[in-house]
Amino acid sequence: MKKYILYSLSLLLAISFSLTSCGSFLDENPKDQITEEDAYKNPTLVYLNTVASLYTHIGKTDQSAGLQGGDRGIYDLNTFCTDEAMLPTRAGDWYDGGLWQQLYTHDWGTKYDLVKGAWDYIYKVIAESNKSLDKLNEILKNDPENKAVQEYIAEVRSFRAFYYYHLVDLFGRVPIVTSSKTAMGDVKQSDRSEVFEFAWNELLESVDLLHEGRSNFPGEYYGRITKPVAYFILARLALNAEVYTHDNWTDGNRPDGKTIKLNVGEKELNAWDAVVYFCDKISELGYYDLANEFASNFSIQNEKSIENIFTIPMDASLYKNEFYYLIRSRHYAHAAVYGQGGWNGSCATIDAIEAFNYGKENQDPRFDITYYHGPVLGPTGKPVMDEGKELVYDPSEVKLDLTGSPFVKTAGARMKKYELDAAATNDGASQGNDIVLYRYADVLLMKAEAKIRKGESGDAEVNQVRDRAGASIVKDVDLKMLLSERLREFAWEGHRRQDMVRFGTFTQKYTDRNPLPGESTGFTTVYPIHEDVLLLNTNLTQNPGYKTGE
């Protein structure tokens, strides 16, 4: 029986960088499937079927799939359990059996649907990565000097390490599987520190073979993991090393970043020095900087942003990736004036609007860019009407259950950060704005945090970010101030849970968010392993604090 390798025309268009020297290819009509024997007969097809095919998984195409763009996936697990945003119950809307309330109150259990969806998605991508690596290593064995294949292997290893980074962040103790030939009985659970070390070494051993190209620019390396992307992930791993090397995360004895030793190739550095090292590696490339305007990073045509480092490409005619966050947040009437969808759901929390000093004289300039609030205007500047009244969003009236509230439909500041693309199709989900995963502002604030944790000043880096936004200059920035600054800068970008875990605030009551950094953060800083997964593989055990059936 012949095996077939499948790929779509949209994928071929998306990676057409490798075909620009033979322009006739795009004039052809490639078949939807080819035999396995033909799938690897030239370098272009090797790339298509081992590397490019993996990037089709990074955006939202199916339920719970994608790193960002969809609902009931990784983004939700990192956002709606924090002080940044919530999906309040609005009478008959958004209860969903208590799903969103449980997420916000950290009352999820071992049968929680979002946990299963995220786990399945990540391991599906890892399985596909392993298949690619097995094939690439087979090709390299027969042609050891093939530099292109060596580079493909480095890219796929980095891609897979990127997904293990998400696993160690979300689930802690997980299996490390490195081959598509591994039998289920041989799949074992690794300690969190082992998973961290695996992801770290995979990236470190691969980064020198990655291209320096800009991943966010259309062209040869658009949407791919390049050297600056790998540097960013390494900086992020080092920044969270206290968390990720803590195998007993409920004991309150998190290791000190100053004593964690990390290999950076030519030398060994503590965690905070490693953060600075990789942030500086990005800066030294010379082509990243803060954009002149904060909002331009999220504009409809943000592909040439000098700030964005890693994005999910969006183009309705080229990719299947979708973006539902604007749809999910805005009121039905608000969306209707643009001929698009609105689910009247997600909004900022009271904590978030207070972090922006909403309604005060010193309100942060990023608030108006980040949120719709107050009277809502349509594309012509006229007020949007709902049931004969002007539609007004009320940021201060939000609470987890709005049933019976006069603000049931209108409570909460809504997502505005991405410029609304009036030409978006698919009810507004297929937009022109690329989805921003990482940007240079985060490089500066990661470096600032590492310096503060070392006992140095991070004022210079923090003020670069604030000055660009038009915010006032601050002095003597401490960790508490920095955590609030990260909320103001990165609201709606999917980083808040990780920040709160690292700062020791994730399990604090929402009315008391002032613990000392490093305090015990509790078992919900790591999600449970879904019971279905444990039933499938009896080698795995549940994360501490979770009980079967809850």
# chains A, B, ... in the order shown; residues from 1 in each chain; ligands from 1
>>> closest_atom_pairs(of="stretch 280-314 of chain A", to="stretch 427-437 of chain A", cutoff="8 Å", atoms="only C-alpha atoms", output="tab-separated table")
residue	atom	partner	partner_atom	distance
A:Asn297	CA	A:Val436	CA	7.8
A:Phe298	CA	A:Asn433	CA	6.4
A:Ser299	CA	A:Asn433	CA	5.9
A:Ile300	CA	A:Asn433	CA	4.2
A:Gln301	CA	A:Asn433	CA	5.8
A:Asn302	CA	A:Asn433	CA	6.1
A:Glu303	CA	A:Asp434	CA	6.7
A:Asn308	CA	A:Val436	CA	6.8
A:Ile309	CA	A:Leu437	CA	7.7
A:Phe310	CA	A:Leu437	CA	5.5
A:Thr311	CA	A:Val436	CA	4.6
A:Ile312	CA	A:Ile435	CA	4.9
A:Pro313	CA	A:Asp434	CA	4.9
A:Met314	CA	A:Asp434	CA	4.8
>>> write_last_selection(atoms="N, CA and C atoms", output="mmCIF file, in the first residue's frame")
data_model
loop_
_atom_site.group_PDB
_atom_site.id
_atom_site.type_symbol
_atom_site.label_atom_id
_atom_site.label_comp_id
_atom_site.auth_asym_id
_atom_site.auth_seq_id
_atom_site.Cartn_x
_atom_site.Cartn_y
_atom_site.Cartn_z
ATOM 1 N N ASN A 297 1.791 48.078 15.978
ATOM 2 C CA ASN A 297 2.145 46.660 16.040
ATOM 3 C C ASN A 297 0.946 45.753 15.819
ATOM 4 N N PHE A 298 -0.258 46.312 15.963
ATOM 5 C CA PHE A 298 -1.481 45.527 15.861
ATOM 6 C C PHE A 298 -2.381 46.028 14.724
ATOM 7 N N SER A 299 -1.805 46.829 13.840
ATOM 8 C CA SER A 299 -2.579 47.394 12.736
ATOM 9 C C SER A 299 -2.911 46.320 11.713
ATOM 10 N N ILE A 300 -3.798 46.656 10.794
ATOM 11 C CA ILE A 300 -4.208 45.691 9.768
ATOM 12 C C ILE A 300 -3.001 45.231 8.965
ATOM 13 N N GLN A 301 -2.089 46.140 8.670
ATOM 14 C CA GLN A 301 -0.903 45.798 7.899
ATOM 15 C C GLN A 301 0.315 45.926 8.811
ATOM 16 N N ASN A 302 0.423 44.986 9.738
ATOM 17 C CA ASN A 302 1.508 45.043 10.718
ATOM 18 C C ASN A 302 2.686 44.149 10.345
ATOM 19 N N GLU A 303 2.738 43.687 9.092
ATOM 20 C CA GLU A 303 3.782 42.738 8.693
ATOM 21 C C GLU A 303 5.176 43.346 8.673
ATOM 22 N N ASN A 308 7.717 43.726 16.194
ATOM 23 C CA ASN A 308 7.227 42.362 16.295
ATOM 24 C C ASN A 308 8.321 41.373 15.915
ATOM 25 N N ILE A 309 8.481 40.350 16.741
ATOM 26 C CA ILE A 309 9.535 39.349 16.543
ATOM 27 C C ILE A 309 8.964 38.050 16.000
ATOM 28 N N PHE A 310 7.828 37.618 16.513
ATOM 29 C CA PHE A 310 7.219 36.350 16.096
ATOM 30 C C PHE A 310 5.723 36.549 16.005
ATOM 31 N N THR A 311 5.149 36.251 14.847
ATOM 32 C CA THR A 311 3.729 36.455 14.621
ATOM 33 C C THR A 311 3.126 35.237 13.929
ATOM 34 N N ILE A 312 1.800 35.162 13.982
ATOM 35 C CA ILE A 312 1.059 34.158 13.206
ATOM 36 C C ILE A 312 0.524 34.876 11.969
ATOM 37 N N PRO A 313 0.994 34.527 10.777
ATOM 38 C CA PRO A 313 0.541 35.215 9.565
ATOM 39 C C PRO A 313 -0.964 35.071 9.367
ATOM 40 N N MET A 314 -1.579 36.167 8.965
ATOM 41 C CA MET A 314 -3.021 36.185 8.707
ATOM 42 C C MET A 314 -3.278 36.741 7.310
#
>>> closest_atom_pairs(of="stretch 313-375 of chain A", to="stretch 271-295 of chain A", cutoff="9 Å", atoms="only C-alpha atoms", output="CSV")
residue,atom,partner,partner_atom,distance
A:Arg366,CA,A:Phe294,CA,7.9
A:Ile369,CA,A:Ala295,CA,6.6
A:Thr370,CA,A:Ala295,CA,8.5
>>> select_by_dssp(residues="stretch 319-530 of chain A", states="helix (DSSP H, G or I)", output="JSON, numbers by chain")
{"A": [325, 326, 327, 328, 329, 332, 333, 334, 335, 336, 350, 351, 352, 353, 354, 355, 366, 367, 368, 369, 370, 395, 396, 397, 426, 427, 428, 440, 441, 442, 443, 444, 445, 446, 447, 448, 449, 450, 451, 452, 453, 459, 460, 461, 462, 463, 464, 465, 466, 467, 468, 469, 479, 480, 481, 482, 483, 484, 485, 486, 487, 488, 489, 490, 496, 497, 498, 499, 500, 501, 502, 503, 523, 524, 525]}
>>> closest_residue(among="A:Leu99, A:Val168, A:Ala424, A:Ala450", to="A:Lys258", atoms="only C-alpha atoms")
A:Ala450
>>> select_by_dssp(residues="stretch 380-417 of chain A", states="strand (DSSP E)", output="PyMOL selection string")
chain A and resi 385-386+389-390+392-393+414-415
>>> residues_around(residues="stretch 142-156 of chain A", least_positions_apart="5", cutoff="9 Å", atoms="only C-alpha atoms", output="PyMOL selection string")
chain A and resi 43+46-47+50-51+54+129-130+132-133+136-137+161+202-203+205-211+224-226
>>> residues_around(residues="A:Ile350", least_positions_apart="5", cutoff="10 Å", atoms="only C-alpha atoms", output="VMD selection string")
chain A and resid 83 to 86 355 358 395 to 399 412 to 413 510
>>> write_last_selection(atoms="N, CA, C and O atoms", output="PDB file, in the first residue's frame")
ATOM      1  N   ASP A  83      -5.826  38.318  36.567  1.00  0.00           N
ATOM      2  CA  ASP A  83      -6.379  39.623  36.911  1.00  0.00           C
ATOM      3  C   ASP A  83      -6.557  40.513  35.685  1.00  0.00           C
ATOM      4  O   ASP A  83      -6.941  41.669  35.805  1.00  0.00           O
ATOM      5  N   GLU A  84      -6.281  39.984  34.506  1.00  0.00           N
ATOM      6  CA  GLU A  84      -6.343  40.776  33.282  1.00  0.00           C
ATOM      7  C   GLU A  84      -7.716  40.793  32.630  1.00  0.00           C
ATOM      8  O   GLU A  84      -8.196  41.844  32.199  1.00  0.00           O
ATOM      9  N   ALA A  85      -8.345  39.622  32.520  1.00  0.00           N
ATOM     10  CA  ALA A  85      -9.585  39.539  31.745  1.00  0.00           C
ATOM     11  C   ALA A  85     -10.461  38.417  32.258  1.00  0.00           C
ATOM     12  O   ALA A  85      -9.996  37.497  32.932  1.00  0.00           O
ATOM     13  N   MET A  86     -11.739  38.489  31.922  1.00  0.00           N
ATOM     14  CA  MET A  86     -12.675  37.439  32.296  1.00  0.00           C
ATOM     15  C   MET A  86     -13.751  37.310  31.224  1.00  0.00           C
ATOM     16  O   MET A  86     -13.928  38.198  30.378  1.00  0.00           O
ATOM     17  N   ALA A 355      -5.181  49.122  37.016  1.00  0.00           N
ATOM     18  CA  ALA A 355      -3.762  49.177  36.655  1.00  0.00           C
ATOM     19  C   ALA A 355      -3.499  50.279  35.637  1.00  0.00           C
ATOM     20  O   ALA A 355      -2.405  50.867  35.604  1.00  0.00           O
ATOM     21  N   TYR A 358      -7.777  53.906  35.139  1.00  0.00           N
ATOM     22  CA  TYR A 358      -8.954  54.286  34.361  1.00  0.00           C
ATOM     23  C   TYR A 358      -9.774  55.363  35.087  1.00  0.00           C
ATOM     24  O   TYR A 358     -10.064  55.254  36.273  1.00  0.00           O
ATOM     25  N   PRO A 395     -16.838  49.982  31.981  1.00  0.00           N
ATOM     26  CA  PRO A 395     -15.713  49.210  32.523  1.00  0.00           C
ATOM     27  C   PRO A 395     -15.819  48.893  33.999  1.00  0.00           C
ATOM     28  O   PRO A 395     -15.381  47.828  34.445  1.00  0.00           O
ATOM     29  N   SER A 396     -16.405  49.793  34.796  1.00  0.00           N
ATOM     30  CA  SER A 396     -16.410  49.622  36.253  1.00  0.00           C
ATOM     31  C   SER A 396     -17.530  48.726  36.768  1.00  0.00           C
ATOM     32  O   SER A 396     -17.575  48.423  37.964  1.00  0.00           O
ATOM     33  N   GLU A 397     -18.424  48.301  35.893  1.00  0.00           N
ATOM     34  CA  GLU A 397     -19.588  47.522  36.345  1.00  0.00           C
ATOM     35  C   GLU A 397     -19.412  46.019  36.162  1.00  0.00           C
ATOM     36  O   GLU A 397     -20.352  45.260  36.346  1.00  0.00           O
ATOM     37  N   VAL A 398     -18.225  45.584  35.812  1.00  0.00           N
ATOM     38  CA  VAL A 398     -18.021  44.174  35.517  1.00  0.00           C
ATOM     39  C   VAL A 398     -17.921  43.350  36.802  1.00  0.00           C
ATOM     40  O   VAL A 398     -17.394  43.798  37.816  1.00  0.00           O
ATOM     41  N   LYS A 399     -18.471  42.149  36.759  1.00  0.00           N
ATOM     42  CA  LYS A 399     -18.289  41.134  37.794  1.00  0.00           C
ATOM     43  C   LYS A 399     -18.485  39.774  37.154  1.00  0.00           C
ATOM     44  O   LYS A 399     -18.979  39.675  36.016  1.00  0.00           O
ATOM     45  N   GLY A 412     -18.011  46.030  31.282  1.00  0.00           N
ATOM     46  CA  GLY A 412     -16.661  45.634  30.922  1.00  0.00           C
ATOM     47  C   GLY A 412     -16.088  46.383  29.736  1.00  0.00           C
ATOM     48  O   GLY A 412     -16.769  46.609  28.738  1.00  0.00           O
ATOM     49  N   ALA A 413     -14.804  46.764  29.861  1.00  0.00           N
ATOM     50  CA  ALA A 413     -14.063  47.341  28.731  1.00  0.00           C
ATOM     51  C   ALA A 413     -13.706  46.206  27.780  1.00  0.00           C
ATOM     52  O   ALA A 413     -13.211  45.162  28.205  1.00  0.00           O
ATOM     53  N   TYR A 510      -8.420  37.691  44.514  1.00  0.00           N
ATOM     54  CA  TYR A 510      -8.416  38.834  43.616  1.00  0.00           C
ATOM     55  C   TYR A 510      -8.549  40.162  44.349  1.00  0.00           C
ATOM     56  O   TYR A 510      -8.339  41.217  43.769  1.00  0.00           O
TER      57      TYR A 510
END
>>> residues_around(residues="A:Lys131", least_positions_apart="5", cutoff="10 Å", atoms="only C-alpha atoms", output="PDB file with N, CA and C atoms, in the first residue's frame")
ATOM      1  N   THR A  50       8.315  18.304   5.674  1.00  0.00           N
ATOM      2  CA  THR A  50       8.894  18.066   7.000  1.00  0.00           C
ATOM      3  C   THR A  50       8.936  19.317   7.865  1.00  0.00           C
ATOM      4  N   VAL A 125       1.023  18.316  17.792  1.00  0.00           N
ATOM      5  CA  VAL A 125       2.080  19.041  17.087  1.00  0.00           C
ATOM      6  C   VAL A 125       3.436  18.396  17.356  1.00  0.00           C
ATOM      7  N   ILE A 126       3.679  17.966  18.590  1.00  0.00           N
ATOM      8  CA  ILE A 126       4.937  17.295  18.905  1.00  0.00           C
ATOM      9  C   ILE A 126       5.054  15.989  18.123  1.00  0.00           C
ATOM     10  N   LEU A 136      13.848  13.418   8.447  1.00  0.00           N
ATOM     11  CA  LEU A 136      15.019  14.238   8.154  1.00  0.00           C
ATOM     12  C   LEU A 136      16.311  13.539   8.584  1.00  0.00           C
ATOM     13  N   THR A 178      10.510  11.814  21.774  1.00  0.00           N
ATOM     14  CA  THR A 178      11.374  12.386  20.734  1.00  0.00           C
ATOM     15  C   THR A 178      11.367  11.590  19.439  1.00  0.00           C
ATOM     16  N   SER A 179      10.545  10.566  19.345  1.00  0.00           N
ATOM     17  CA  SER A 179      10.489   9.768  18.124  1.00  0.00           C
ATOM     18  C   SER A 179       9.066   9.322  17.850  1.00  0.00           C
ATOM     19  N   SER A 180       8.712   9.256  16.594  1.00  0.00           N
ATOM     20  CA  SER A 180       7.377   8.774  16.215  1.00  0.00           C
ATOM     21  C   SER A 180       7.266   7.267  16.385  1.00  0.00           C
ATOM     22  N   LYS A 181       8.386   6.627  16.645  1.00  0.00           N
ATOM     23  CA  LYS A 181       8.393   5.169  16.801  1.00  0.00           C
ATOM     24  C   LYS A 181       8.268   4.728  18.258  1.00  0.00           C
TER      25      LYS A 181
END
>>> closest_residue(among="A:Phe490, A:Tyr40, A:Phe523, A:Tyr163", to="A:Glu128", atoms="only C-alpha atoms")
A:Tyr163
>>> closest_residue(among="A:Pro365, A:Gly504, A:Gly59, A:Gly381", to="A:Val337", atoms="only C-alpha atoms")
A:Gly381
>>> closest_residue(among="A:Lys447, A:Arg502, A:His373, A:Lys111", to="A:Gln542", atoms="only C-alpha atoms")
A:Lys111
>>> closest_residue(among="A:Gly455, A:Asp76, A:Thr524, A:Ile233", to="A:Trp249", atoms="only C-alpha atoms")
A:Thr524
>>> closest_residue(among="A:Glu485, A:Glu354, A:Glu531, A:Asp401", to="A:Asp93", atoms="only C-alpha atoms")
A:Asp401
>>> residues_around(residues="A:Arg414", least_positions_apart="3", cutoff="7 Å", atoms="only C-alpha atoms", output="MDAnalysis selection string")
chainID A and resid 329:330 346:348 371:373
>>> atom_distance(atom1="atom CA of A:Glu197", atom2="atom CA of A:Tyr164")
10.2 Å
>>> residues_around(residues="A:Val376", least_positions_apart="3", cutoff="7 Å", atoms="only C-alpha atoms", output="MDAnalysis selection string")
chainID A and resid 383:384 391:392
